[in-house]
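J.: Quick one: this structure, given as structure tokens, is what I'll be asking you about.
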Amino acid sequence: MDSISSCVGIFHGRCHDFLKVSLRSADPLFVAGIQTTIATLFIIMAYVSVRGLPNFRFDTPGLYPIIFSGIASGLSWIFFVFGLRYGSATQVAVLERVNIVFIVVMCMTILGECWSVRYLIGALLVAIGA
């Protein structure tokens, strides 16, 4: 899992760099749309190459969280790209990491996930570091 986490950090950092450069001369909404489309196509190609064509059988209750997650993800990218366009990449990166605190709290309260002192200390350190 540590190697996967390292890859996330490396690639996400490059995402910040590339987006900041592209936003010097492009509209933030257009950049968010193109970036999201390319990311979606890349994920679909990776899925099909590893697992083959998917079996599309969504039950209605299972479809709603996917739709809401997609909307939240889209809004997140729009605000992220606008933040990069009009602010410094360093500030956006720091504020983006604060989402870890929100995720921990939401998982404990809404999803009822188990928590430990270790997780709470980690979230607290992230909040302090931001």
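By convention in this document, the chains of the structure tokens carry letters A, B, ... by their order, each chain's residues are numbered from 1, and ligands are numbered from 1 in the order they are shown.
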Counting only C-alpha atoms, which residues of segment 59-111 of chain A sit at most 7 Å from some atom of segment 15-38 of chain A, and what is each one's closest atom pair with its distance in Å to one decimal, listed by chain and rising residue number, as JSON lines?
T.:
```
{"residue": "A:Trp77", "atom": "CA", "partner": "A:Ala32", "partner_atom": "CA", "distance": 6.3}
{"residue": "A:Ile78", "atom": "CA", "partner": "A:Ala32", "partner_atom": "CA", "distance": 5.9}
{"residue": "A:Val81", "atom": "CA", "partner": "A:Pro28", "partner_atom": "CA", "distance": 5.8}
{"residue": "A:Phe82", "atom": "CA", "partner": "A:Pro28", "partner_atom": "CA", "distance": 5.7}
{"residue": "A:Leu84", "atom": "CA", "partner": "A:Lys20", "partner_atom": "CA", "distance": 5.9}
{"residue": "A:Arg85", "atom": "CA", "partner": "A:Leu23", "partner_atom": "CA", "distance": 5.6}
{"residue": "A:Ala89", "atom": "CA", "partner": "A:His16", "partner_atom": "CA", "distance": 6.9}
```
J.: So which bits of chain A end up alpha helix (DSSP H) when you DSSP the backbone, as a VMD selection string?
T.: chain A and resid 2 to 22 28 to 51 60 to 86 89 to 97 99 to 109 117 to 129
J.: With only C-alpha atoms as the counted atoms, please give the residues lying no more than 8 Å from Ile100 of chain A, apart from itself and same-chain residues fewer than 4 positions off, as a PyMOL selection string.
T.: chain A and resi 104+123+126
J.: Could you save those same residues with C-alpha atoms as a tab-separated table (two decimals), in the first residue's frame?
T.:
```
chain	number	residue	atom	x	y	z
A	104	VAL	CA	-12.13	11.20	8.52
A	123	ALA	CA	-6.04	13.95	10.96
A	126	VAL	CA	-2.75	17.25	8.89
```
J.: Between atom CA of Tyr64 of chain A and atom CA of Ile43 of chain A, what distance in Å does the model show, to one decimal?
T.: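 Rounded to one decimal, the two atoms are 20.4 Å apart.
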J.: Can you work out which one of A:Pro61, A:Gly112, A:Gly129, A:Pro54 has the shortest atom-to-atom distance to Arg97 of chain A, counting only C-alpha atoms?
T.: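 So, comparing all the options, the nearest one is A:Gly129.
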J.: Using atom CA of Thr40 of chain A and atom CA of Ile66 of chain A as the two end points, give the distance in Å to one decimal.
T.: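 Separation between atom CA of Thr40 of chain A and atom CA of Ile66 of chain A: 14.0 Å.
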